[in-house]
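Dumped data33.txt below, it's compact mmCIF, N, CA and C atoms:
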```txt
# COMPACT_ATOMS: atom_id res chain seq x y z
N MET D 1 -72.84 66.18 90.03
CA MET D 1 -72.67 67.61 89.88
C MET D 1 -71.90 68.15 91.07
N ALA D 2 -70.95 69.00 90.78
CA ALA D 2 -70.12 69.58 91.82
C ALA D 2 -70.87 70.69 92.56
N THR D 3 -70.43 70.94 93.78
CA THR D 3 -70.97 72.07 94.53
C THR D 3 -70.00 73.24 94.38
N LEU D 4 -70.53 74.44 94.55
CA LEU D 4 -69.72 75.64 94.38
C LEU D 4 -69.45 76.29 95.72
N GLU D 5 -68.28 76.83 95.86
CA GLU D 5 -67.94 77.70 96.98
C GLU D 5 -68.32 79.11 96.50
N LYS D 6 -69.66 79.34 96.44
CA LYS D 6 -70.23 80.48 95.72
C LYS D 6 -69.70 81.84 96.18
N LYS D 7 -69.57 82.05 97.48
CA LYS D 7 -69.16 83.35 97.98
C LYS D 7 -67.75 83.71 97.49
N SER D 8 -66.82 82.77 97.59
CA SER D 8 -65.45 83.06 97.16
C SER D 8 -65.36 83.18 95.64
N LEU D 9 -66.17 82.41 94.90
CA LEU D 9 -66.20 82.54 93.45
C LEU D 9 -66.70 83.92 93.05
N GLN D 10 -67.74 84.39 93.73
CA GLN D 10 -68.28 85.70 93.42
C GLN D 10 -67.29 86.82 93.76
N GLU D 11 -66.58 86.67 94.88
CA GLU D 11 -65.57 87.67 95.24
C GLU D 11 -64.47 87.75 94.17
N ALA D 12 -64.01 86.60 93.69
CA ALA D 12 -62.97 86.57 92.65
C ALA D 12 -63.50 87.17 91.35
N TYR D 13 -64.71 86.81 90.98
CA TYR D 13 -65.35 87.34 89.77
C TYR D 13 -65.45 88.87 89.84
N LEU D 14 -65.92 89.40 90.96
CA LEU D 14 -66.06 90.85 91.11
C LEU D 14 -64.71 91.55 91.14
N ASP D 15 -63.70 90.88 91.67
CA ASP D 15 -62.34 91.44 91.68
C ASP D 15 -61.84 91.62 90.25
N VAL D 16 -62.06 90.63 89.39
CA VAL D 16 -61.65 90.73 87.98
C VAL D 16 -62.44 91.84 87.28
N ARG D 17 -63.70 91.98 87.58
CA ARG D 17 -64.54 93.00 86.93
C ARG D 17 -64.21 94.42 87.38
N ASN D 18 -63.56 94.56 88.51
CA ASN D 18 -63.26 95.87 89.07
C ASN D 18 -62.08 96.51 88.33
N ASP D 19 -62.34 97.57 87.59
CA ASP D 19 -61.28 98.25 86.84
C ASP D 19 -60.21 98.85 87.73
N GLN D 20 -60.50 99.04 89.00
CA GLN D 20 -59.52 99.60 89.93
C GLN D 20 -58.59 98.52 90.51
N SER D 21 -58.92 97.27 90.27
CA SER D 21 -58.12 96.15 90.79
C SER D 21 -57.05 95.74 89.79
N PRO D 22 -55.86 95.38 90.26
CA PRO D 22 -54.84 94.87 89.34
C PRO D 22 -55.15 93.44 88.87
N THR D 23 -56.06 92.76 89.55
CA THR D 23 -56.43 91.40 89.19
C THR D 23 -57.18 91.40 87.86
N ASN D 24 -56.69 90.62 86.90
CA ASN D 24 -57.42 90.55 85.63
C ASN D 24 -57.80 89.13 85.23
N TRP D 25 -57.59 88.18 86.12
CA TRP D 25 -58.07 86.82 85.84
C TRP D 25 -58.28 86.06 87.14
N CYS D 26 -59.14 85.06 87.05
CA CYS D 26 -59.31 84.11 88.16
C CYS D 26 -59.56 82.73 87.56
N ILE D 27 -59.17 81.73 88.31
CA ILE D 27 -59.27 80.33 87.91
C ILE D 27 -60.13 79.60 88.94
N PHE D 28 -61.12 78.86 88.45
CA PHE D 28 -61.95 78.00 89.30
C PHE D 28 -61.64 76.55 88.94
N LYS D 29 -61.23 75.78 89.96
CA LYS D 29 -60.86 74.38 89.72
C LYS D 29 -61.67 73.45 90.62
N TYR D 30 -61.63 72.19 90.25
CA TYR D 30 -62.27 71.14 91.03
C TYR D 30 -61.34 70.72 92.17
N GLU D 31 -61.90 70.66 93.36
CA GLU D 31 -61.25 70.04 94.51
C GLU D 31 -62.23 68.98 94.99
N GLY D 32 -61.96 67.75 94.60
CA GLY D 32 -62.93 66.69 94.90
C GLY D 32 -64.22 66.98 94.16
N ASN D 33 -65.31 67.08 94.93
CA ASN D 33 -66.62 67.33 94.34
C ASN D 33 -67.04 68.79 94.51
N GLN D 34 -66.07 69.67 94.68
CA GLN D 34 -66.36 71.08 94.88
C GLN D 34 -65.55 71.91 93.89
N ILE D 35 -66.13 73.02 93.43
CA ILE D 35 -65.42 73.96 92.58
C ILE D 35 -65.06 75.17 93.44
N VAL D 36 -63.77 75.49 93.46
CA VAL D 36 -63.26 76.54 94.33
C VAL D 36 -62.40 77.51 93.52
N VAL D 37 -62.12 78.67 94.10
CA VAL D 37 -61.18 79.60 93.50
C VAL D 37 -59.78 79.02 93.71
N SER D 38 -59.11 78.74 92.63
CA SER D 38 -57.77 78.16 92.71
C SER D 38 -56.71 79.25 92.77
N ASP D 39 -56.90 80.30 91.96
CA ASP D 39 -55.91 81.36 91.91
C ASP D 39 -56.50 82.56 91.20
N ARG D 40 -55.85 83.69 91.37
CA ARG D 40 -56.17 84.91 90.61
C ARG D 40 -54.92 85.75 90.52
N GLY D 41 -54.86 86.61 89.50
CA GLY D 41 -53.67 87.41 89.34
C GLY D 41 -53.75 88.36 88.18
N ALA D 42 -52.57 88.83 87.75
CA ALA D 42 -52.48 89.83 86.69
C ALA D 42 -51.57 89.39 85.54
N ASP D 43 -50.70 88.42 85.75
CA ASP D 43 -49.72 88.01 84.75
C ASP D 43 -50.31 86.92 83.84
N PHE D 44 -50.31 87.17 82.51
CA PHE D 44 -50.92 86.21 81.59
C PHE D 44 -50.19 84.87 81.57
N ASP D 45 -48.87 84.88 81.66
CA ASP D 45 -48.13 83.62 81.66
C ASP D 45 -48.50 82.76 82.87
N GLU D 46 -48.70 83.40 84.01
CA GLU D 46 -49.14 82.67 85.19
C GLU D 46 -50.55 82.10 84.97
N PHE D 47 -51.42 82.91 84.37
CA PHE D 47 -52.78 82.46 84.01
C PHE D 47 -52.69 81.21 83.15
N LYS D 48 -51.90 81.27 82.10
CA LYS D 48 -51.79 80.16 81.15
C LYS D 48 -51.22 78.89 81.79
N SER D 49 -50.39 79.05 82.81
CA SER D 49 -49.75 77.89 83.44
C SER D 49 -50.76 76.95 84.11
N HIS D 50 -51.96 77.42 84.36
CA HIS D 50 -53.00 76.59 84.99
C HIS D 50 -53.64 75.60 84.02
N PHE D 51 -53.49 75.83 82.73
CA PHE D 51 -54.16 75.02 81.71
C PHE D 51 -53.29 73.81 81.37
N ARG D 52 -53.37 72.80 82.23
CA ARG D 52 -52.54 71.60 82.07
C ARG D 52 -53.36 70.45 81.47
N ALA D 53 -52.64 69.49 80.92
CA ALA D 53 -53.27 68.38 80.21
C ALA D 53 -54.22 67.57 81.08
N ASP D 54 -53.95 67.49 82.39
CA ASP D 54 -54.76 66.66 83.28
C ASP D 54 -55.77 67.48 84.09
N GLU D 55 -55.97 68.74 83.75
CA GLU D 55 -56.86 69.63 84.52
C GLU D 55 -58.16 69.89 83.79
N ARG D 56 -59.18 70.17 84.59
CA ARG D 56 -60.40 70.78 84.07
C ARG D 56 -60.68 71.97 84.96
N LEU D 57 -61.03 73.07 84.31
CA LEU D 57 -61.19 74.31 85.06
C LEU D 57 -62.06 75.28 84.29
N PHE D 58 -62.43 76.34 84.99
CA PHE D 58 -63.14 77.46 84.40
C PHE D 58 -62.29 78.70 84.69
N ALA D 59 -62.23 79.60 83.72
CA ALA D 59 -61.41 80.80 83.88
C ALA D 59 -62.20 82.03 83.44
N TYR D 60 -61.91 83.13 84.11
CA TYR D 60 -62.53 84.42 83.78
C TYR D 60 -61.40 85.41 83.61
N LEU D 61 -61.40 86.13 82.49
CA LEU D 61 -60.27 86.96 82.11
C LEU D 61 -60.74 88.33 81.64
N ARG D 62 -60.07 89.38 82.12
CA ARG D 62 -60.32 90.76 81.66
C ARG D 62 -59.16 91.20 80.78
N MET D 63 -59.49 91.78 79.64
CA MET D 63 -58.48 92.37 78.76
C MET D 63 -58.96 93.74 78.32
N ILE D 64 -58.03 94.62 78.04
CA ILE D 64 -58.36 95.95 77.54
C ILE D 64 -58.31 95.89 76.02
N THR D 65 -59.40 96.31 75.39
CA THR D 65 -59.47 96.35 73.93
C THR D 65 -59.84 97.77 73.51
N GLY D 66 -59.88 97.98 72.24
CA GLY D 66 -60.26 99.27 71.71
C GLY D 66 -59.16 99.83 70.82
N ASP D 67 -59.29 101.11 70.55
CA ASP D 67 -58.34 101.79 69.68
C ASP D 67 -57.85 103.04 70.38
N GLU D 68 -57.19 103.91 69.64
CA GLU D 68 -56.62 105.10 70.27
C GLU D 68 -57.69 106.07 70.77
N LEU D 69 -58.91 105.91 70.31
CA LEU D 69 -60.00 106.80 70.73
C LEU D 69 -60.77 106.26 71.92
N SER D 70 -60.74 104.96 72.11
CA SER D 70 -61.57 104.38 73.16
C SER D 70 -60.99 103.06 73.64
N LYS D 71 -60.75 102.95 74.93
CA LYS D 71 -60.27 101.71 75.56
C LYS D 71 -61.40 101.15 76.42
N ARG D 72 -61.62 99.85 76.33
CA ARG D 72 -62.69 99.21 77.07
C ARG D 72 -62.21 97.89 77.67
N SER D 73 -62.73 97.58 78.85
CA SER D 73 -62.50 96.26 79.43
C SER D 73 -63.48 95.29 78.79
N LYS D 74 -62.97 94.18 78.35
CA LYS D 74 -63.80 93.09 77.80
C LYS D 74 -63.43 91.82 78.54
N PHE D 75 -64.39 90.92 78.64
CA PHE D 75 -64.21 89.73 79.47
C PHE D 75 -64.43 88.45 78.68
N ALA D 76 -63.62 87.45 79.01
CA ALA D 76 -63.74 86.12 78.39
C ALA D 76 -64.01 85.09 79.48
N PHE D 77 -64.91 84.17 79.18
CA PHE D 77 -65.20 83.03 80.05
C PHE D 77 -64.74 81.78 79.31
N ILE D 78 -63.82 81.05 79.91
CA ILE D 78 -63.19 79.90 79.27
C ILE D 78 -63.42 78.66 80.11
N SER D 79 -63.85 77.60 79.47
CA SER D 79 -63.87 76.30 80.15
C SER D 79 -62.80 75.43 79.48
N TRP D 80 -62.09 74.68 80.28
CA TRP D 80 -60.94 73.90 79.82
C TRP D 80 -61.04 72.49 80.38
N SER D 81 -60.87 71.53 79.49
CA SER D 81 -60.64 70.15 79.92
C SER D 81 -59.46 69.66 79.11
N GLY D 82 -58.37 69.44 79.80
CA GLY D 82 -57.14 69.04 79.14
C GLY D 82 -57.29 67.74 78.38
N PRO D 83 -56.42 67.49 77.43
CA PRO D 83 -56.53 66.30 76.60
C PRO D 83 -56.40 64.98 77.37
N SER D 84 -55.87 65.01 78.58
CA SER D 84 -55.74 63.79 79.38
C SER D 84 -56.93 63.56 80.32
N VAL D 85 -57.90 64.47 80.32
CA VAL D 85 -59.07 64.33 81.20
C VAL D 85 -60.02 63.29 80.61
N SER D 86 -60.54 62.42 81.47
CA SER D 86 -61.42 61.34 81.00
C SER D 86 -62.70 61.91 80.40
N VAL D 87 -63.29 61.15 79.49
CA VAL D 87 -64.52 61.55 78.82
C VAL D 87 -65.64 61.78 79.85
N MET D 88 -65.72 60.95 80.86
CA MET D 88 -66.76 61.09 81.88
C MET D 88 -66.62 62.41 82.64
N LYS D 89 -65.40 62.76 83.02
CA LYS D 89 -65.17 64.03 83.72
C LYS D 89 -65.46 65.22 82.81
N GLN D 90 -65.12 65.10 81.53
CA GLN D 90 -65.43 66.16 80.57
C GLN D 90 -66.94 66.36 80.47
N ALA D 91 -67.68 65.26 80.41
CA ALA D 91 -69.14 65.33 80.27
C ALA D 91 -69.80 66.02 81.46
N LYS D 92 -69.26 65.79 82.65
CA LYS D 92 -69.84 66.39 83.85
C LYS D 92 -69.65 67.91 83.90
N MET D 93 -68.72 68.40 83.11
CA MET D 93 -68.45 69.85 83.13
C MET D 93 -69.62 70.68 82.63
N SER D 94 -70.43 70.16 81.72
CA SER D 94 -71.51 70.98 81.16
C SER D 94 -72.52 71.38 82.22
N ALA D 95 -72.89 70.47 83.10
CA ALA D 95 -73.82 70.80 84.18
C ALA D 95 -73.16 71.77 85.17
N ASP D 96 -71.89 71.56 85.43
CA ASP D 96 -71.17 72.46 86.34
C ASP D 96 -70.99 73.85 85.73
N LYS D 97 -70.82 73.91 84.42
CA LYS D 97 -70.68 75.21 83.76
C LYS D 97 -71.94 76.05 83.95
N ALA D 98 -73.10 75.43 83.89
CA ALA D 98 -74.35 76.16 84.11
C ALA D 98 -74.39 76.76 85.51
N LYS D 99 -73.87 76.03 86.49
CA LYS D 99 -73.83 76.56 87.86
C LYS D 99 -72.82 77.70 87.98
N ILE D 100 -71.68 77.58 87.32
CA ILE D 100 -70.68 78.65 87.34
C ILE D 100 -71.27 79.92 86.73
N LYS D 101 -72.08 79.76 85.68
CA LYS D 101 -72.66 80.92 85.01
C LYS D 101 -73.69 81.64 85.88
N GLU D 102 -74.10 81.06 86.98
CA GLU D 102 -74.93 81.79 87.94
C GLU D 102 -74.11 82.87 88.62
N VAL D 103 -72.80 82.67 88.68
CA VAL D 103 -71.88 83.64 89.28
C VAL D 103 -71.25 84.51 88.20
N VAL D 104 -70.68 83.88 87.19
CA VAL D 104 -69.99 84.56 86.10
C VAL D 104 -71.03 84.87 85.02
N GLN D 105 -71.56 86.08 85.05
CA GLN D 105 -72.69 86.39 84.18
C GLN D 105 -72.37 87.32 83.02
N ASN D 106 -71.30 88.07 83.10
CA ASN D 106 -71.01 89.06 82.07
C ASN D 106 -69.70 88.77 81.38
N PHE D 107 -69.79 88.50 80.07
CA PHE D 107 -68.59 88.26 79.28
C PHE D 107 -68.92 88.48 77.81
N ALA D 108 -67.92 88.90 77.06
CA ALA D 108 -68.10 89.17 75.63
C ALA D 108 -67.95 87.90 74.80
N ILE D 109 -67.06 87.00 75.24
CA ILE D 109 -66.88 85.73 74.54
C ILE D 109 -66.84 84.60 75.56
N GLU D 110 -67.24 83.45 75.06
CA GLU D 110 -67.16 82.22 75.84
C GLU D 110 -66.68 81.13 74.91
N PHE D 111 -65.75 80.32 75.39
CA PHE D 111 -65.36 79.17 74.59
C PHE D 111 -64.85 78.05 75.47
N HIS D 112 -64.99 76.84 74.95
CA HIS D 112 -64.46 75.64 75.60
C HIS D 112 -63.33 75.13 74.73
N THR D 113 -62.25 74.73 75.35
CA THR D 113 -61.13 74.21 74.58
C THR D 113 -60.34 73.18 75.37
N ASN D 114 -59.60 72.38 74.64
CA ASN D 114 -58.58 71.51 75.22
C ASN D 114 -57.27 71.69 74.45
N ASP D 115 -57.22 72.78 73.68
CA ASP D 115 -56.06 73.10 72.85
C ASP D 115 -55.32 74.28 73.47
N ILE D 116 -54.14 74.04 73.98
CA ILE D 116 -53.36 75.08 74.65
C ILE D 116 -53.03 76.24 73.71
N ASP D 117 -53.02 76.00 72.40
CA ASP D 117 -52.75 77.07 71.44
C ASP D 117 -53.85 78.13 71.43
N GLU D 118 -55.02 77.80 71.94
CA GLU D 118 -56.10 78.78 72.03
C GLU D 118 -56.00 79.63 73.30
N ILE D 119 -55.12 79.24 74.20
CA ILE D 119 -54.89 80.02 75.42
C ILE D 119 -53.67 80.91 75.17
N GLU D 120 -53.80 81.76 74.19
CA GLU D 120 -52.77 82.72 73.81
C GLU D 120 -53.33 84.12 73.96
N GLU D 121 -52.56 85.00 74.53
CA GLU D 121 -53.03 86.36 74.81
C GLU D 121 -53.53 87.06 73.54
N GLU D 122 -52.78 87.00 72.47
CA GLU D 122 -53.18 87.69 71.23
C GLU D 122 -54.43 87.07 70.62
N TYR D 123 -54.54 85.75 70.66
CA TYR D 123 -55.73 85.08 70.11
C TYR D 123 -56.99 85.51 70.87
N ILE D 124 -56.92 85.50 72.19
CA ILE D 124 -58.09 85.87 73.01
C ILE D 124 -58.42 87.36 72.79
N LYS D 125 -57.41 88.20 72.76
CA LYS D 125 -57.64 89.64 72.54
C LYS D 125 -58.29 89.87 71.17
N GLN D 126 -57.84 89.15 70.17
CA GLN D 126 -58.43 89.26 68.83
C GLN D 126 -59.90 88.86 68.84
N GLU D 127 -60.23 87.77 69.53
CA GLU D 127 -61.63 87.33 69.63
C GLU D 127 -62.47 88.35 70.39
N LEU D 128 -61.92 88.92 71.45
CA LEU D 128 -62.65 89.95 72.21
C LEU D 128 -62.87 91.20 71.36
N THR D 129 -61.88 91.58 70.57
CA THR D 129 -62.00 92.75 69.70
C THR D 129 -63.10 92.51 68.67
N LYS D 130 -63.13 91.32 68.07
CA LYS D 130 -64.19 91.00 67.10
C LYS D 130 -65.57 91.08 67.74
N ALA D 131 -65.68 90.62 68.98
CA ALA D 131 -66.96 90.63 69.67
C ALA D 131 -67.36 92.03 70.13
N GLY D 132 -66.39 92.95 70.14
CA GLY D 132 -66.61 94.29 70.68
C GLY D 132 -67.37 95.23 69.78
N GLY D 133 -67.60 94.86 68.54
CA GLY D 133 -68.36 95.74 67.65
C GLY D 133 -67.48 96.73 66.93
N ALA D 134 -68.03 97.90 66.71
CA ALA D 134 -67.39 98.93 65.89
C ALA D 134 -66.05 99.37 66.45
N SER D 135 -65.16 99.69 65.53
CA SER D 135 -63.86 100.25 65.88
C SER D 135 -63.72 101.53 65.06
N TYR D 136 -63.68 102.65 65.76
CA TYR D 136 -63.68 103.94 65.07
C TYR D 136 -62.31 104.56 64.92
N GLY D 137 -61.31 103.90 65.38
CA GLY D 137 -59.98 104.48 65.38
C GLY D 137 -59.43 104.71 63.98
N THR D 138 -58.47 105.59 63.92
CA THR D 138 -57.81 105.90 62.65
C THR D 138 -56.48 105.18 62.53
N GLY D 139 -56.06 104.58 63.65
CA GLY D 139 -54.76 103.93 63.66
C GLY D 139 -53.64 104.88 64.02
N VAL D 140 -53.99 106.16 64.23
CA VAL D 140 -53.00 107.18 64.55
C VAL D 140 -53.42 107.86 65.83
N ARG D 141 -52.50 107.94 66.76
CA ARG D 141 -52.77 108.62 68.03
C ARG D 141 -52.52 110.12 67.87
N ALA D 142 -53.52 110.95 68.16
CA ALA D 142 -53.39 112.40 67.98
C ALA D 142 -52.53 113.01 69.06
```
Output the file's structure as structure tokens, nothing else.
Amino acid sequence: MATLEKKSLQEAYLDVRNDQSPTNWCIFKYEGNQIVVSDRGADFDEFKSHFRADERLFAYLRMITGDELSKRSKFAFISWSGPSVSVMKQAKMSADKAKIKEVVQNFAIEFHTNDIDEIEEEYIKQELTKAGGASYGTGVRA
């Protein structure tokens, strides 16, 4: 089981949750036997570039959902093990995910994938919208 750099993970997590911050994602990666904050930012393409075939990581993402009447921040927690990651390393992620969830506690959706097609901005936004409940909008901005 990996150890966490808990303080820096929590700082990155809170930065993403802060609506006043431009940061809307953070990436936690393995460095040896430790999970650390690898990066954070605002650009989705940069976010997606971290999901490589030989990587395993955890990601936390903020997106704005809603309709013309109401905009809300919604959060996704993603675990990724690329298709080239060994089965043994993939298996160890489940215990590490439980430790990450001690820090990353609030999210509307959670999913694990090794399919880069699921790391698409519109796909994730659609899943967050579905998880968000009622939508009262008329489709027309007054």
Padding 6 Å on every side, please: axis-aligned box over the listed atoms of region 29-32 of chain D, centre and edge lengths to one decimal in Å, as AutoDock Vina command-line options.
```
--center_x -62.5 --center_y 71.2 --center_z 92.4 --size_x 15.4 --size_y 21.1 --size_z 17.3
```
Rank D:Val16, D:Met88, D:Ile35, D:Ala59 by their smallest atom-to-atom distance to Lys74 (chain D), using only C-alpha atoms, and report the top residue only. D:Val16
Suppose you want the space between CA of Lys7 (chain D) and CA of Gln34 (chain D); what is it in Å? 13.0 Å
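Between CA of Ala42 (chain D) and CA of Leu57 (chain D) the interatomic distance comes to 17.9 Å.
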Can you tell me, as an MDAnalysis selection string, which residues in chain D count as helix (DSSP H, G or I) by DSSP? chainID D and resid 6:17 44:48 87:100 116:118 121:131
Go ahead and save the residues from that selection, with N, CA and C atoms, as a CSV table (one decimal), keeping the file's coordinate frame.
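Result saved to result21.csv:
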```
chain,number,residue,atom,x,y,z
D,6,LYS,N,-69.7,79.3,96.4
D,6,LYS,CA,-70.2,80.5,95.7
D,6,LYS,C,-69.7,81.8,96.2
D,7,LYS,N,-69.6,82.0,97.5
D,7,LYS,CA,-69.2,83.4,98.0
D,7,LYS,C,-67.8,83.7,97.5
D,8,SER,N,-66.8,82.8,97.6
D,8,SER,CA,-65.4,83.1,97.2
D,8,SER,C,-65.4,83.2,95.6
D,9,LEU,N,-66.2,82.4,94.9
D,9,LEU,CA,-66.2,82.5,93.4
D,9,LEU,C,-66.7,83.9,93.0
D,10,GLN,N,-67.7,84.4,93.7
D,10,GLN,CA,-68.3,85.7,93.4
D,10,GLN,C,-67.3,86.8,93.8
D,11,GLU,N,-66.6,86.7,94.9
D,11,GLU,CA,-65.6,87.7,95.2
D,11,GLU,C,-64.5,87.8,94.2
D,12,ALA,N,-64.0,86.6,93.7
D,12,ALA,CA,-63.0,86.6,92.6
D,12,ALA,C,-63.5,87.2,91.4
D,13,TYR,N,-64.7,86.8,91.0
D,13,TYR,CA,-65.4,87.3,89.8
D,13,TYR,C,-65.4,88.9,89.8
D,14,LEU,N,-65.9,89.4,91.0
D,14,LEU,CA,-66.1,90.8,91.1
D,14,LEU,C,-64.7,91.6,91.1
D,15,ASP,N,-63.7,90.9,91.7
D,15,ASP,CA,-62.3,91.4,91.7
D,15,ASP,C,-61.8,91.6,90.2
D,16,VAL,N,-62.1,90.6,89.4
D,16,VAL,CA,-61.6,90.7,88.0
D,16,VAL,C,-62.4,91.8,87.3
D,17,ARG,N,-63.7,92.0,87.6
D,17,ARG,CA,-64.5,93.0,86.9
D,17,ARG,C,-64.2,94.4,87.4
D,44,PHE,N,-50.3,87.2,82.5
D,44,PHE,CA,-50.9,86.2,81.6
D,44,PHE,C,-50.2,84.9,81.6
D,45,ASP,N,-48.9,84.9,81.7
D,45,ASP,CA,-48.1,83.6,81.7
D,45,ASP,C,-48.5,82.8,82.9
D,46,GLU,N,-48.7,83.4,84.0
D,46,GLU,CA,-49.1,82.7,85.2
D,46,GLU,C,-50.6,82.1,85.0
D,47,PHE,N,-51.4,82.9,84.4
D,47,PHE,CA,-52.8,82.5,84.0
D,47,PHE,C,-52.7,81.2,83.2
D,48,LYS,N,-51.9,81.3,82.1
D,48,LYS,CA,-51.8,80.2,81.2
D,48,LYS,C,-51.2,78.9,81.8
D,87,VAL,N,-63.3,61.2,79.5
D,87,VAL,CA,-64.5,61.6,78.8
D,87,VAL,C,-65.6,61.8,79.8
D,88,MET,N,-65.7,61.0,80.9
D,88,MET,CA,-66.8,61.1,81.9
D,88,MET,C,-66.6,62.4,82.6
D,89,LYS,N,-65.4,62.8,83.0
D,89,LYS,CA,-65.2,64.0,83.7
D,89,LYS,C,-65.5,65.2,82.8
D,90,GLN,N,-65.1,65.1,81.5
D,90,GLN,CA,-65.4,66.2,80.6
D,90,GLN,C,-66.9,66.4,80.5
D,91,ALA,N,-67.7,65.3,80.4
D,91,ALA,CA,-69.1,65.3,80.3
D,91,ALA,C,-69.8,66.0,81.5
D,92,LYS,N,-69.3,65.8,82.6
D,92,LYS,CA,-69.8,66.4,83.8
D,92,LYS,C,-69.6,67.9,83.9
D,93,MET,N,-68.7,68.4,83.1
D,93,MET,CA,-68.4,69.8,83.1
D,93,MET,C,-69.6,70.7,82.6
D,94,SER,N,-70.4,70.2,81.7
D,94,SER,CA,-71.5,71.0,81.2
D,94,SER,C,-72.5,71.4,82.2
D,95,ALA,N,-72.9,70.5,83.1
D,95,ALA,CA,-73.8,70.8,84.2
D,95,ALA,C,-73.2,71.8,85.2
D,96,ASP,N,-71.9,71.6,85.4
D,96,ASP,CA,-71.2,72.5,86.3
D,96,ASP,C,-71.0,73.8,85.7
D,97,LYS,N,-70.8,73.9,84.4
D,97,LYS,CA,-70.7,75.2,83.8
D,97,LYS,C,-71.9,76.0,84.0
D,98,ALA,N,-73.1,75.4,83.9
D,98,ALA,CA,-74.4,76.2,84.1
D,98,ALA,C,-74.4,76.8,85.5
D,99,LYS,N,-73.9,76.0,86.5
D,99,LYS,CA,-73.8,76.6,87.9
D,99,LYS,C,-72.8,77.7,88.0
D,100,ILE,N,-71.7,77.6,87.3
D,100,ILE,CA,-70.7,78.6,87.3
D,100,ILE,C,-71.3,79.9,86.7
D,116,ILE,N,-54.1,74.0,74.0
D,116,ILE,CA,-53.4,75.1,74.6
D,116,ILE,C,-53.0,76.2,73.7
D,117,ASP,N,-53.0,76.0,72.4
D,117,ASP,CA,-52.8,77.1,71.4
D,117,ASP,C,-53.8,78.1,71.4
D,118,GLU,N,-55.0,77.8,71.9
D,118,GLU,CA,-56.1,78.8,72.0
D,118,GLU,C,-56.0,79.6,73.3
D,121,GLU,N,-52.6,85.0,74.5
D,121,GLU,CA,-53.0,86.4,74.8
D,121,GLU,C,-53.5,87.1,73.5
D,122,GLU,N,-52.8,87.0,72.5
D,122,GLU,CA,-53.2,87.7,71.2
D,122,GLU,C,-54.4,87.1,70.6
D,123,TYR,N,-54.5,85.8,70.7
D,123,TYR,CA,-55.7,85.1,70.1
D,123,TYR,C,-57.0,85.5,70.9
D,124,ILE,N,-56.9,85.5,72.2
D,124,ILE,CA,-58.1,85.9,73.0
D,124,ILE,C,-58.4,87.4,72.8
D,125,LYS,N,-57.4,88.2,72.8
D,125,LYS,CA,-57.6,89.6,72.5
D,125,LYS,C,-58.3,89.9,71.2
D,126,GLN,N,-57.8,89.2,70.2
D,126,GLN,CA,-58.4,89.3,68.8
D,126,GLN,C,-59.9,88.9,68.8
D,127,GLU,N,-60.2,87.8,69.5
D,127,GLU,CA,-61.6,87.3,69.6
D,127,GLU,C,-62.5,88.4,70.4
D,128,LEU,N,-61.9,88.9,71.4
D,128,LEU,CA,-62.6,90.0,72.2
D,128,LEU,C,-62.9,91.2,71.4
D,129,THR,N,-61.9,91.6,70.6
D,129,THR,CA,-62.0,92.8,69.7
D,129,THR,C,-63.1,92.5,68.7
D,130,LYS,N,-63.1,91.3,68.1
D,130,LYS,CA,-64.2,91.0,67.1
D,130,LYS,C,-65.6,91.1,67.7
D,131,ALA,N,-65.7,90.6,69.0
D,131,ALA,CA,-67.0,90.6,69.7
D,131,ALA,C,-67.4,92.0,70.1
```
Near-Ser21 (chain D) list (10 Å; only C-alpha atoms; drop same-chain fewer than 6 positions) as a list in words: Leu14, Asp15, Gly41 and Ala42 of chain D
Find the residues near Ala131 (chain D): any atom within 8 Å, counting only N, CA and C atoms, skip ones fewer than 4 places away on the same chain, and give them as an MDAnalysis selection string. chainID D and resid 108:109 125:127
If you run DSSP over the backbone, which residues in chain D end up strand (DSSP E)? Put them as number ranges by chain. D: 3-4, 25-31, 34-41, 56-66, 71-81, 109-113
Between D:Lys97, D:Arg62, D:Arg56, D:His112, which is the closest to Tyr30 (chain D) once you count all atoms listed in the file?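 Looking only at the distances to Tyr30 (chain D), the closest residue turns out to be D:Arg56.
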Find, counting only C-alpha atoms, the residue in D:Lys99, D:Lys130, D:Arg40, D:His50 that gets nearest to Gly82 (chain D). D:His50
Name the residues within 6.5 Å of (-63.6, 79.9, 80.6), counting all atoms listed in the file in the file's coordinates, and put them as a PyMOL selection string. chain D and resi 57-60+76-80+110-111
Minimum-distance residue to Thr23 (chain D), chosen among D:Leu61, D:Ile124, D:Ile119, D:Leu69 (using only N, CA and C atoms): D:Leu61
Considering only N, CA and C atoms, can you say which of D:Asn33, D:Val103, D:Glu120, D:Cys26 comes closest to Met1 (chain D)?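 Residue with the minimum atom-to-atom distance to Met1 (chain D): D:Asn33.
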Name the residues in contact with Ala91 (chain D) at a cut-off of 10 Å, using only C-alpha atoms, excluding same-chain residues fewer than 5 positions from it; report them as a VMD selection string. chain D and resid 81 86 96
What does the distance from atom N of Glu121 (chain D) to atom C of Pro83 (chain D) come to in Å, to one decimal? 20.6 Å
Go through D:Thr65, D:Glu46, D:Arg52, D:Val36 and flag the residue nearest Glu5 (chain D), using all atoms listed in the file for the distances. D:Val36
